[in-house]
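Note: the block below is structure39.txt and it holds compact mmCIF, C-alpha atoms.
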# COMPACT_ATOMS: atom_id res chain seq x y z
CA MET N 1 92.49 92.25 121.10
CA SER N 2 94.00 92.75 124.59
CA SER N 3 91.47 90.41 126.16
CA LYS N 4 92.21 87.67 123.59
CA SER N 5 95.97 88.05 124.10
CA THR N 6 95.46 87.88 127.83
CA GLY N 7 93.41 84.68 127.45
CA LEU N 8 96.05 83.05 125.26
CA ARG N 9 98.79 84.06 127.68
CA GLN N 10 96.91 82.46 130.51
CA TRP N 11 96.50 79.21 128.62
CA ARG N 12 100.20 79.19 127.77
CA GLN N 13 101.03 79.74 131.38
CA ARG N 14 98.78 76.91 132.47
CA PHE N 15 100.24 74.64 129.83
CA SER N 16 103.81 75.61 130.77
CA ALA N 17 102.94 75.01 134.42
CA LEU N 18 102.31 71.36 133.57
CA PHE N 19 105.89 70.95 132.50
CA GLN N 20 108.55 71.92 135.03
CA ASP N 21 112.19 71.12 135.17
CA HIS N 22 112.78 68.05 137.30
CA GLU N 23 115.98 66.89 138.93
CA ILE N 24 116.18 63.27 139.90
CA PHE N 25 118.84 61.83 142.17
CA VAL N 26 119.57 58.15 141.78
CA ARG N 27 121.84 56.33 144.22
CA THR N 28 123.30 53.00 143.22
CA ARG N 29 125.90 51.16 145.41
CA GLY N 30 126.96 54.31 147.07
CA HIS N 31 127.17 56.26 143.88
CA VAL N 32 124.81 59.17 143.37
CA ARG N 33 123.68 60.14 139.93
CA PHE N 34 121.93 63.26 138.90
CA LEU N 35 119.23 63.16 136.19
CA ARG N 36 117.64 66.27 134.88
CA VAL N 37 114.38 66.27 132.90
CA SER N 38 113.80 69.61 131.37
CA ALA N 39 110.38 71.12 130.73
CA LEU N 40 111.23 71.52 127.05
CA TRP N 41 111.95 67.80 126.70
CA GLN N 42 108.68 66.99 128.48
CA LYS N 43 106.78 69.26 126.12
CA ARG N 44 108.32 67.54 123.12
CA VAL N 45 107.48 64.11 124.43
CA ALA N 46 103.92 65.24 125.25
CA LEU N 47 103.62 66.76 121.78
CA ILE N 48 104.83 63.57 120.11
CA GLY N 49 102.47 61.50 122.26
CA GLY N 50 99.56 63.79 121.43
CA LEU N 51 100.34 63.57 117.75
CA VAL N 52 100.52 59.79 117.99
CA LEU N 53 97.23 59.72 119.87
CA VAL N 54 95.59 62.02 117.36
CA ALA N 55 96.93 59.90 114.50
CA TRP N 56 95.66 56.70 116.16
CA ALA N 57 92.27 58.28 116.75
CA GLY N 58 92.13 59.44 113.13
CA ILE N 59 93.08 56.02 111.83
CA THR N 60 90.53 54.36 114.12
CA ALA N 61 87.84 56.78 113.03
CA ALA N 62 88.72 56.22 109.38
CA VAL N 63 88.59 52.44 109.81
CA PHE N 64 85.24 52.66 111.60
CA ILE N 65 83.78 54.96 108.97
CA ASN N 66 85.11 52.67 106.23
CA GLN N 67 83.53 49.69 107.93
CA LEU N 68 80.22 51.51 108.11
CA LEU N 69 80.43 52.44 104.45
CA THR N 70 81.49 48.97 103.32
CA ALA N 71 78.78 47.40 105.52
CA ASN N 72 76.16 49.46 103.73
CA GLU N 73 77.68 48.55 100.40
CA ARG N 74 77.76 44.88 101.37
CA ALA N 75 74.13 45.09 102.46
CA GLU N 76 73.20 46.71 99.15
CA VAL N 77 75.14 44.08 97.22
CA ALA N 78 73.51 41.31 99.25
CA ALA N 79 70.07 42.83 98.63
CA GLN N 80 70.83 43.08 94.91
CA GLN N 81 72.03 39.48 94.85
CA ALA N 82 68.92 38.35 96.70
CA ALA N 83 66.71 40.28 94.30
CA ALA N 84 68.59 38.81 91.34
CA ALA N 85 68.23 35.29 92.77
CA ALA N 86 64.52 35.84 93.38
CA SER N 87 64.14 37.21 89.85
CA GLU N 88 65.98 34.20 88.42
CA ALA N 89 63.78 31.88 90.48
CA ARG N 90 60.65 33.60 89.16
CA ILE N 91 61.98 33.39 85.61
CA ALA N 92 62.82 29.71 86.06
CA GLN N 93 59.38 29.06 87.55
CA TYR N 94 57.76 30.95 84.70
CA ARG N 95 59.75 28.97 82.15
CA ASP N 96 58.80 25.73 83.87
CA ARG N 97 55.15 26.77 83.86
CA VAL N 98 55.33 27.74 80.18
CA GLY N 99 57.00 24.41 79.47
CA GLU N 100 54.25 22.54 81.32
CA ILE N 101 51.53 24.42 79.46
CA ALA N 102 53.27 23.75 76.17
CA ALA N 103 53.52 20.05 77.04
CA ASP N 104 49.81 20.00 77.93
CA LEU N 105 48.96 21.66 74.63
CA ASP N 106 51.09 19.13 72.74
CA GLU N 107 49.31 16.25 74.50
CA ARG N 108 45.93 17.77 73.84
CA GLN N 109 46.73 18.43 70.18
CA ALA N 110 47.90 14.84 69.75
CA GLN N 111 44.74 13.55 71.42
CA LEU N 112 42.47 15.76 69.33
CA GLU N 113 44.19 14.71 66.12
CA ASP N 114 43.96 11.05 67.13
CA TRP N 115 40.24 11.36 67.91
CA GLN N 116 39.61 13.20 64.66
CA ARG N 117 41.44 10.54 62.62
CA SER N 118 39.90 7.66 64.60
CA TYR N 119 36.26 8.72 64.54
CA PHE N 120 36.04 10.91 61.43
CA GLY N 121 38.94 9.79 59.22
CA ALA N 122 39.20 11.98 56.16
CA ASP N 123 35.77 13.51 56.77
CA ALA N 124 35.81 17.21 57.57
CA VAL N 125 34.59 18.13 61.01
CA PRO N 126 31.51 20.38 60.90
CA GLY N 127 32.48 23.99 61.53
CA GLU N 128 35.90 23.76 59.87
CA ALA N 129 36.90 25.78 56.83
CA GLY N 130 34.76 24.84 53.86
CA GLU N 131 31.93 23.46 55.96
CA ALA N 132 28.40 24.75 56.32
CA ALA N 133 29.25 27.34 58.95
CA PRO N 134 31.93 29.58 57.42
CA GLN N 135 30.64 32.67 59.21
CA ALA N 136 31.25 31.15 62.62
CA ASP N 137 34.70 29.95 61.58
CA ALA N 138 35.60 33.34 60.12
CA ALA N 139 34.61 35.05 63.32
CA GLN N 140 36.58 32.60 65.44
CA PRO N 141 39.99 34.37 65.30
CA ALA N 142 38.42 37.57 66.60
CA VAL N 143 36.90 35.64 69.49
CA GLU N 144 40.23 34.00 70.23
CA THR N 145 42.35 37.15 70.13
CA SER N 146 39.85 39.25 72.04
CA ALA N 147 40.09 36.85 74.97
CA ILE N 148 43.90 37.11 75.15
CA ASP N 149 45.25 39.41 77.85
CA PRO N 150 47.58 41.89 76.05
CA ARG N 151 49.64 42.22 79.24
CA LEU N 152 50.83 38.62 78.91
CA PRO N 153 54.37 37.98 77.63
CA PRO N 154 54.56 37.18 73.91
CA GLU N 155 55.18 33.45 74.41
CA ALA N 156 52.23 33.24 76.81
CA GLN N 157 49.99 34.96 74.25
CA ILE N 158 51.06 32.40 71.62
CA LEU N 159 50.18 29.54 73.97
CA ALA N 160 46.87 31.18 74.81
CA ARG N 161 45.97 31.47 71.11
CA ILE N 162 46.84 27.81 70.55
CA ALA N 163 44.71 26.82 73.54
CA ALA N 164 41.79 28.88 72.23
CA ARG N 165 41.99 27.28 68.78
CA GLN N 166 42.14 23.82 70.35
CA GLU N 167 39.15 24.63 72.50
CA ALA N 168 37.25 25.71 69.39
CA LEU N 169 38.20 22.45 67.62
CA SER N 170 37.08 20.51 70.70
CA ALA N 171 33.72 22.27 70.58
CA ARG N 172 33.29 21.45 66.86
CA LEU N 173 34.21 17.82 67.44
CA LEU N 174 31.81 17.69 70.37
CA ALA N 175 28.96 19.00 68.21
CA ALA N 176 29.72 16.43 65.49
CA VAL N 177 29.96 13.59 68.01
CA ASN N 178 26.69 14.56 69.68
CA GLU N 179 24.98 14.60 66.28
CA ARG N 180 26.23 11.11 65.45
CA ALA N 181 25.40 9.82 68.93
CA ALA N 182 21.85 11.19 68.62
CA LYS N 183 21.31 9.22 65.41
CA ALA N 184 22.71 6.07 66.98
CA GLU N 185 20.58 6.60 70.09
CA THR N 186 17.42 6.89 67.98
CA ALA N 187 18.29 3.72 66.07
CA VAL N 188 19.12 1.80 69.26
CA ALA N 189 15.85 2.89 70.85
CA ALA N 190 13.99 1.75 67.70
CA LEU N 191 15.40 -1.74 68.35
CA GLY N 192 13.75 -1.71 71.76
CA LEU N 193 16.95 -1.13 73.72
CA ASP N 194 17.51 1.51 76.38
CA PRO N 195 20.47 3.73 75.33
CA LYS N 196 21.04 5.14 78.82
CA THR N 197 21.21 1.66 80.32
CA LEU N 198 23.65 0.52 77.64
CA VAL N 199 26.00 3.45 78.29
CA ARG N 200 25.70 3.10 82.06
CA ASN N 201 26.47 -0.63 81.97
CA ALA N 202 29.44 -0.06 79.66
CA ALA N 203 30.82 2.65 81.96
CA SER N 204 30.64 0.34 84.98
CA GLY N 205 33.35 -1.92 83.55
CA ARG N 206 36.31 0.43 83.93
CA GLY N 207 39.49 0.33 85.99
CA GLY N 208 43.28 0.31 85.96
CA PRO N 209 46.12 1.83 88.00
CA PHE N 210 45.92 5.51 88.92
CA ILE N 211 48.54 7.48 86.98
CA PRO N 212 48.18 11.20 87.80
CA VAL N 213 48.74 13.84 85.12
CA ARG N 214 51.88 15.60 86.43
CA ASP N 215 50.90 18.11 89.11
CA ARG N 216 47.70 19.45 87.60
CA ASP N 217 44.68 19.54 89.93
CA ALA N 218 42.24 18.21 87.32
CA ARG N 219 42.72 17.10 83.74
CA GLY N 220 39.37 18.43 82.60
CA LYS N 221 40.06 21.85 84.12
CA ALA N 222 43.55 21.99 82.59
CA LEU N 223 42.40 20.94 79.13
CA GLY N 224 39.20 22.95 78.97
CA PRO N 225 35.48 22.21 79.41
CA ALA N 226 34.79 21.36 75.75
CA PHE N 227 37.69 18.89 75.73
CA ALA N 228 36.50 17.25 78.96
CA ALA N 229 32.94 16.92 77.63
CA LEU N 230 34.25 15.53 74.34
CA GLU N 231 35.81 12.52 76.04
CA GLY N 232 32.48 11.49 77.59
CA ALA N 233 30.58 12.14 74.35
CA LEU N 234 32.98 9.96 72.36
CA PHE N 235 32.52 7.10 74.82
CA ARG N 236 28.73 7.39 74.60
CA MET N 237 28.79 7.51 70.80
CA GLU N 238 31.10 4.51 70.52
CA VAL N 239 28.98 2.40 72.90
CA LEU N 240 25.80 3.15 70.93
CA GLU N 241 27.40 2.61 67.51
CA ARG N 242 29.05 -0.63 68.59
CA THR N 243 25.72 -1.81 69.98
CA LEU N 244 24.13 -1.12 66.60
CA VAL N 245 26.89 -3.09 64.85
CA ALA N 246 26.51 -5.95 67.33
CA ALA N 247 22.72 -6.06 66.88
CA PRO N 248 21.82 -9.13 64.77
CA SER N 249 19.86 -7.87 61.77
CA GLY N 250 20.58 -10.65 59.28
CA ASN N 251 18.28 -13.66 58.86
CA PRO N 252 19.80 -16.71 60.58
CA ALA N 253 18.43 -19.02 57.88
CA ASN N 254 17.15 -18.58 54.35
CA VAL N 255 13.66 -19.85 55.16
CA LEU N 256 10.33 -18.00 55.15
CA MET N 257 8.38 -20.06 57.67
CA MET N 258 8.52 -18.93 61.30
CA SER N 259 6.82 -21.62 63.40
CA SER N 260 6.91 -19.97 66.84
CA GLY N 261 7.41 -16.45 68.17
CA PHE N 262 9.00 -14.88 71.24
CA GLY N 263 7.18 -14.81 74.57
CA HIS N 264 4.54 -16.92 76.29
CA ARG N 265 3.18 -19.91 74.37
CA ARG N 266 1.68 -23.37 74.89
CA ASP N 267 4.49 -25.91 75.32
CA PRO N 268 4.44 -28.36 72.35
CA PHE N 269 5.17 -31.33 74.62
CA THR N 270 3.12 -30.73 77.78
CA GLY N 271 0.56 -28.16 76.60
CA ALA N 272 1.33 -26.01 79.66
CA SER N 273 2.02 -22.28 79.48
CA ALA N 274 5.73 -21.64 78.97
CA MET N 275 8.15 -18.89 78.09
CA HIS N 276 9.74 -19.15 74.65
CA ALA N 277 13.02 -17.16 74.68
CA GLY N 278 13.52 -16.99 70.91
CA LEU N 279 12.11 -17.51 67.45
CA ASP N 280 11.65 -20.85 65.64
CA PHE N 281 12.29 -21.12 61.91
CA ARG N 282 11.11 -24.34 60.23
CA GLY N 283 13.08 -25.89 57.38
CA PRO N 284 14.60 -29.10 56.06
CA VAL N 285 17.43 -30.86 57.87
CA GLY N 286 20.77 -29.55 56.70
CA THR N 287 19.53 -26.05 55.82
CA PRO N 288 22.52 -23.67 56.27
CA ILE N 289 22.45 -21.68 59.52
CA LEU N 290 23.94 -18.20 59.12
CA ALA N 291 25.52 -15.79 61.61
CA ALA N 292 23.06 -12.93 62.12
CA ALA N 293 25.87 -10.44 62.83
CA PRO N 294 29.67 -10.41 62.91
CA GLY N 295 31.26 -11.79 66.05
CA ARG N 296 33.31 -14.55 67.65
CA VAL N 297 32.06 -18.11 68.16
CA SER N 298 32.03 -18.56 71.93
CA PHE N 299 30.36 -21.98 72.30
CA VAL N 300 29.96 -25.10 70.19
CA GLY N 301 28.39 -28.17 71.78
CA ARG N 302 25.27 -29.53 73.49
CA LYS N 303 23.01 -27.88 76.07
CA ALA N 304 20.08 -29.40 77.92
CA GLY N 305 16.83 -28.83 76.03
CA TYR N 306 18.64 -27.11 73.14
CA GLY N 307 20.47 -30.09 71.69
CA ASN N 308 23.38 -29.03 69.50
CA VAL N 309 24.07 -25.33 70.05
CA ILE N 310 26.32 -22.61 68.68
CA GLU N 311 26.67 -19.26 70.44
CA VAL N 312 28.24 -16.17 68.87
CA ASP N 313 29.48 -13.24 70.96
CA HIS N 314 28.95 -9.95 69.09
CA GLY N 315 30.34 -7.65 71.78
CA GLN N 316 28.61 -4.96 73.82
CA GLY N 317 26.92 -7.75 75.84
CA MET N 318 25.12 -9.04 72.71
CA MET N 319 25.01 -12.80 72.04
CA THR N 320 23.05 -14.97 69.58
CA ARG N 321 22.20 -18.63 70.15
CA TYR N 322 21.40 -21.19 67.42
CA ALA N 323 19.89 -24.47 68.69
CA HIS N 324 18.60 -27.93 67.61
CA LEU N 325 21.36 -28.15 65.01
CA SER N 326 22.23 -31.26 63.04
CA GLY N 327 25.87 -30.30 62.55
CA PHE N 328 28.52 -27.61 62.98
CA THR N 329 30.62 -25.86 60.32
CA THR N 330 32.73 -23.72 62.68
CA LYS N 331 34.56 -23.96 66.00
CA VAL N 332 35.07 -21.95 69.18
CA GLY N 333 37.19 -18.83 68.69
CA THR N 334 36.38 -18.37 65.01
CA GLN N 335 35.64 -14.82 63.89
CA VAL N 336 32.55 -14.91 61.67
CA THR N 337 30.90 -12.30 59.47
CA ALA N 338 27.21 -11.60 59.02
CA GLY N 339 25.69 -14.18 56.69
CA GLN N 340 28.52 -16.70 57.10
CA GLN N 341 27.40 -20.32 57.53
CA ILE N 342 28.15 -21.67 61.00
CA ALA N 343 25.91 -24.80 61.26
CA LYS N 344 23.17 -26.94 59.75
CA MET N 345 19.50 -27.07 60.72
CA GLY N 346 18.29 -30.16 62.58
CA SER N 347 16.02 -31.49 65.29
CA THR N 348 18.33 -32.35 68.22
CA GLY N 349 17.36 -31.77 71.83
CA ARG N 350 13.81 -30.98 72.89
CA SER N 351 12.37 -30.59 69.39
CA THR N 352 9.28 -31.80 67.50
CA GLY N 353 10.86 -31.49 64.05
CA SER N 354 13.58 -29.90 61.98
CA HIS N 355 13.83 -26.19 62.78
CA LEU N 356 16.17 -23.50 64.11
CA HIS N 357 15.66 -22.05 67.55
CA PHE N 358 17.20 -18.54 67.40
CA GLU N 359 17.81 -16.40 70.50
CA VAL N 360 19.21 -12.94 71.07
CA ARG N 361 20.54 -12.21 74.56
CA LEU N 362 21.68 -8.87 75.94
CA ASN N 363 23.88 -9.19 79.03
CA GLY N 364 22.48 -12.68 79.52
CA VAL N 365 18.82 -11.67 79.29
CA ALA N 366 16.75 -12.92 76.34
CA VAL N 367 15.21 -10.15 74.20
CA ASN N 368 12.80 -10.43 71.29
CA PRO N 369 14.85 -11.12 68.11
CA ARG N 370 12.00 -9.88 65.90
CA ARG N 371 12.78 -6.23 66.68
CA PHE N 372 16.30 -6.74 65.25
CA LEU N 373 15.37 -8.83 62.23
CA GLU N 374 12.56 -6.48 61.23
CA ALA N 375 14.49 -3.23 61.70
CA LYS N 376 13.37 -0.43 59.42
CA ALA N 377 15.43 0.94 56.58
CA ASP N 378 16.42 4.12 58.42
CA VAL N 379 17.74 2.07 61.35
CA LEU N 380 19.67 -0.19 58.99
CA GLU N 381 21.14 2.86 57.27
CA VAL N 382 22.42 4.24 60.56
CA LYS N 383 23.72 0.77 61.42
CA ASN N 384 25.56 0.52 58.12
CA ASP N 385 27.21 3.91 58.73
CA ALA N 386 28.12 2.82 62.25
CA ARG N 387 29.59 -0.44 60.92
CA GLN N 388 31.86 1.45 58.54
CA ARG N 389 32.99 3.84 61.28
CA VAL N 390 33.57 1.11 63.84
CA GLY N 391 35.53 -0.86 61.24
CA ALA N 392 37.65 2.17 60.41
CA LEU N 393 38.20 2.81 64.12
CA ALA N 394 39.34 -0.78 64.67
CA ALA N 395 41.70 -0.53 61.68
CA HIS N 396 43.12 2.76 62.98
CA ARG N 397 43.73 1.35 66.45
CA GLY N 398 45.26 -1.80 65.01
CA ALA N 399 47.69 0.27 62.93
CA ARG N 400 49.03 2.18 65.94

Write the structure described by the file as structure tokens, please.
Amino acid sequence: MSSKSTGLRQWRQRFSALFQDHEIFVRTRGHVRFLRVSALWQKRVALIGGLVLVAWAGITAAVFINQLLTANERAEVAAQQAAAAASEARIAQYRDRVGEIAADLDERQAQLEDWQRSYFGADAVPGEAGEAAPQADAAQPAVETSAIDPRLPPEAQILARIAARQEALSARLLAAVNERAAKAETAVAALGLDPKTLVRNAASGRGGPFIPVRDRDARGKALGPAFAALEGALFRMEVLERTLVAAPSGNPANVLMMSSGFGHRRDPFTGASAMHAGLDFRGPVGTPILAAAPGRVSFVGRKAGYGNVIEVDHGQGMMTRYAHLSGFTTKVGTQVTAGQQIAKMGSTGRSTGSHLHFEVRLNGVAVNPRRFLEAKADVLEVKNDARQRVGALAAHRGAR
């Protein structure tokens, strides 16, 4: 205790030594003034100054600490705001993506329904409920739901189920289209035509401005493989069926006598070997000449060697020519049906007597008309089905 008291006394002494009484003499204009600054007054001033300094230091420290705390809070708030903005951006992007997928599904559904109505009408598509494959259709929902990721949000799962059902419908339509196209291909080949060449030539005549599908990288990838394949299969089927419809299978004249066939023959005027590009049917002058297939009259007039000629465009590159006519009963631009009278038999042009020279040309090249006129019953049956479908398709497109 004595040592502590001694230490405190020494500090008091040192502190008191800092403050001594001071006497200040001030002389002004010969007058002398005496100012006395006591040690006690100095101590009070020093104490007040120390308190002020301590208070200033405390306030400064408090302000600094507050700034540090508020800076951290501001940083946390800014981070929270940034996270909220990023979350909102992700939500907006997700909503936009869901909206785009929904729009794609709507477009695909509309296209599938249009194709189904156009090419099948009221006929049920094989594989649907009530068709011959109920087991496959009954198992379809399990296949669809098993492929859905359960971690997806509910709305995404709904879209995924719709996409799976549409993909299944696309696959069923594709199978039905391929079946029809196979029948048409067999019938076309039986007429002596090359189905692959027909489809390839038809596909070469395409064009138009490029209108991209929003920002998707590929339509086929976005809409699914079965849907992409379906578009090509429908084009192939329609080309083959329209070719069957355009093929002239009706007799161009109600006569039984065919006086000359297709191919090489002896020319009736010179006796030299020559190519005969059609069939000749002999009959009396004025015998009605009939359109061998539906089409549009594209030429009425005279041609060298043929005399009076009518040409009918049947579409798909198919054209029939009727020559040596004595008169016309139609005009250019007229739509004619199979069996409709278009002219009268005669002997104009390079002819030895009254007959009809009948040609069938495919893309400008003469082909043997006999293969069309003598088509077998099974080919004609497929053609009749194709005619009904093509007619329904034209009516559907005209109604839109």

Problem set entry | Nearest to Ser38 (chain N) by atom-to-atom distance, counting all atoms listed in the file, from N:Val309, N:Ala229, N:Ala292, N:Leu18 | N:Leu18

Problem set entry | Arg296 (chain N) surroundings by all atoms listed in the file, 8 Å radius, close-in-sequence under 5 positions cut, as a PyMOL selection string | chain N and resi 312-314+332-336

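Separating CA of Thr337 (chain N) from CA of Glu241 (chain N) is a distance of 17.3 Å.
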
Problem set entry | Between CA of Ala17 (chain N) and CA of Ala46 (chain N), distance in Å (one decimal) | 13.4 Å

Contacts of region 382-385 of chain N within 7 Å, all atoms listed in the file, excl. fewer than 4 positions in-chain, as an mmCIF file with C-alpha atoms, keeping the file's coordinate frame:
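Saved file result.cif follows:
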data_model
loop_
_atom_site.group_PDB
_atom_site.id
_atom_site.type_symbol
_atom_site.label_atom_id
_atom_site.label_comp_id
_atom_site.auth_asym_id
_atom_site.auth_seq_id
_atom_site.Cartn_x
_atom_site.Cartn_y
_atom_site.Cartn_z
ATOM 1 C CA ALA N 184 22.710 6.070 66.980
ATOM 2 C CA ALA N 187 18.290 3.720 66.070
ATOM 3 C CA LEU N 244 24.130 -1.120 66.600
ATOM 4 C CA VAL N 245 26.890 -3.090 64.850
ATOM 5 C CA ASP N 378 16.420 4.120 58.420
ATOM 6 C CA ARG N 389 32.990 3.840 61.280
#

May I have the centre and edge lengths, in Å to one decimal, of an axis-aligned box around the listed atoms of region 250-262 of chain N with 5 Å added to every side, as JSON?
{"center_x": 13.7, "center_y": -16.1, "center_z": 62.8, "size_x": 23.8, "size_y": 21.0, "size_z": 26.9}

For this session: Considering only C-alpha atoms, state which residue in the set N:Leu234, N:Val379, N:Ala228, N:Ala203 is at the smallest distance from Lys183 (chain N).
Result: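 Checking each of N:Leu234, N:Val379, N:Ala228, N:Ala203 against Lys183 (chain N), counting only C-alpha atoms, the winner is N:Val379.
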
For this session: Select, from N:Gln111, N:Asn251, N:Thr287, N:Asn178, the residue with the minimum atom-to-atom distance to Phe227 (chain N), counting all atoms listed in the file.
Result: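 Between N:Gln111, N:Asn251, N:Thr287, N:Asn178, the residue approaching Phe227 (chain N) most closely is N:Gln111.
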
For this session: Find the distance between CA of Gly295 (chain N) and CA of Gly315 (chain N) and write it in Å to one decimal.
Result: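 Separating CA of Gly295 (chain N) from CA of Gly315 (chain N) is a distance of 7.1 Å.
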
Exercise. Which neighbours of region 265-279 of chain N fall inside 6 Å, counting all atoms listed in the file, when residues of the same chain fewer than 2 positions from it are skipped, and could you give them as a ChimeraX atom specification?
Worked result: /N:260-263,357-359,366

For this session: May I have the residues within 12 Å of Val188 (chain N) as a PyMOL selection string, using all atoms listed in the file and disregarding those fewer than 2 positions away in the same chain?
Result: chain N and resi 181-186+190-199+237+239-247+371-372+375-376+378-380+382-383+386

For this session: Tell me which of N:Thr348, N:Gln341, N:Glu23, N:Arg282 sits closest to Lys303 (chain N), counting all atoms listed in the file.
Result: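 Of the candidates, the smallest distance to Lys303 (chain N) is held by N:Thr348.
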
Exercise. Which of these, N:Glu238, N:Glu179, N:Glu311, N:Glu381, has the shortest distance to Ala343 (chain N) once you count all atoms listed in the file?
Worked result: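 With all atoms listed in the file as the atom set, the closest residue is N:Glu311.
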
For this session: Using all atoms listed in the file, pick whichever of N:His355, N:Gln316, N:Arg33, N:Gly301 has the shortest atom-to-atom distance to Ile289 (chain N).
Result: N:His355
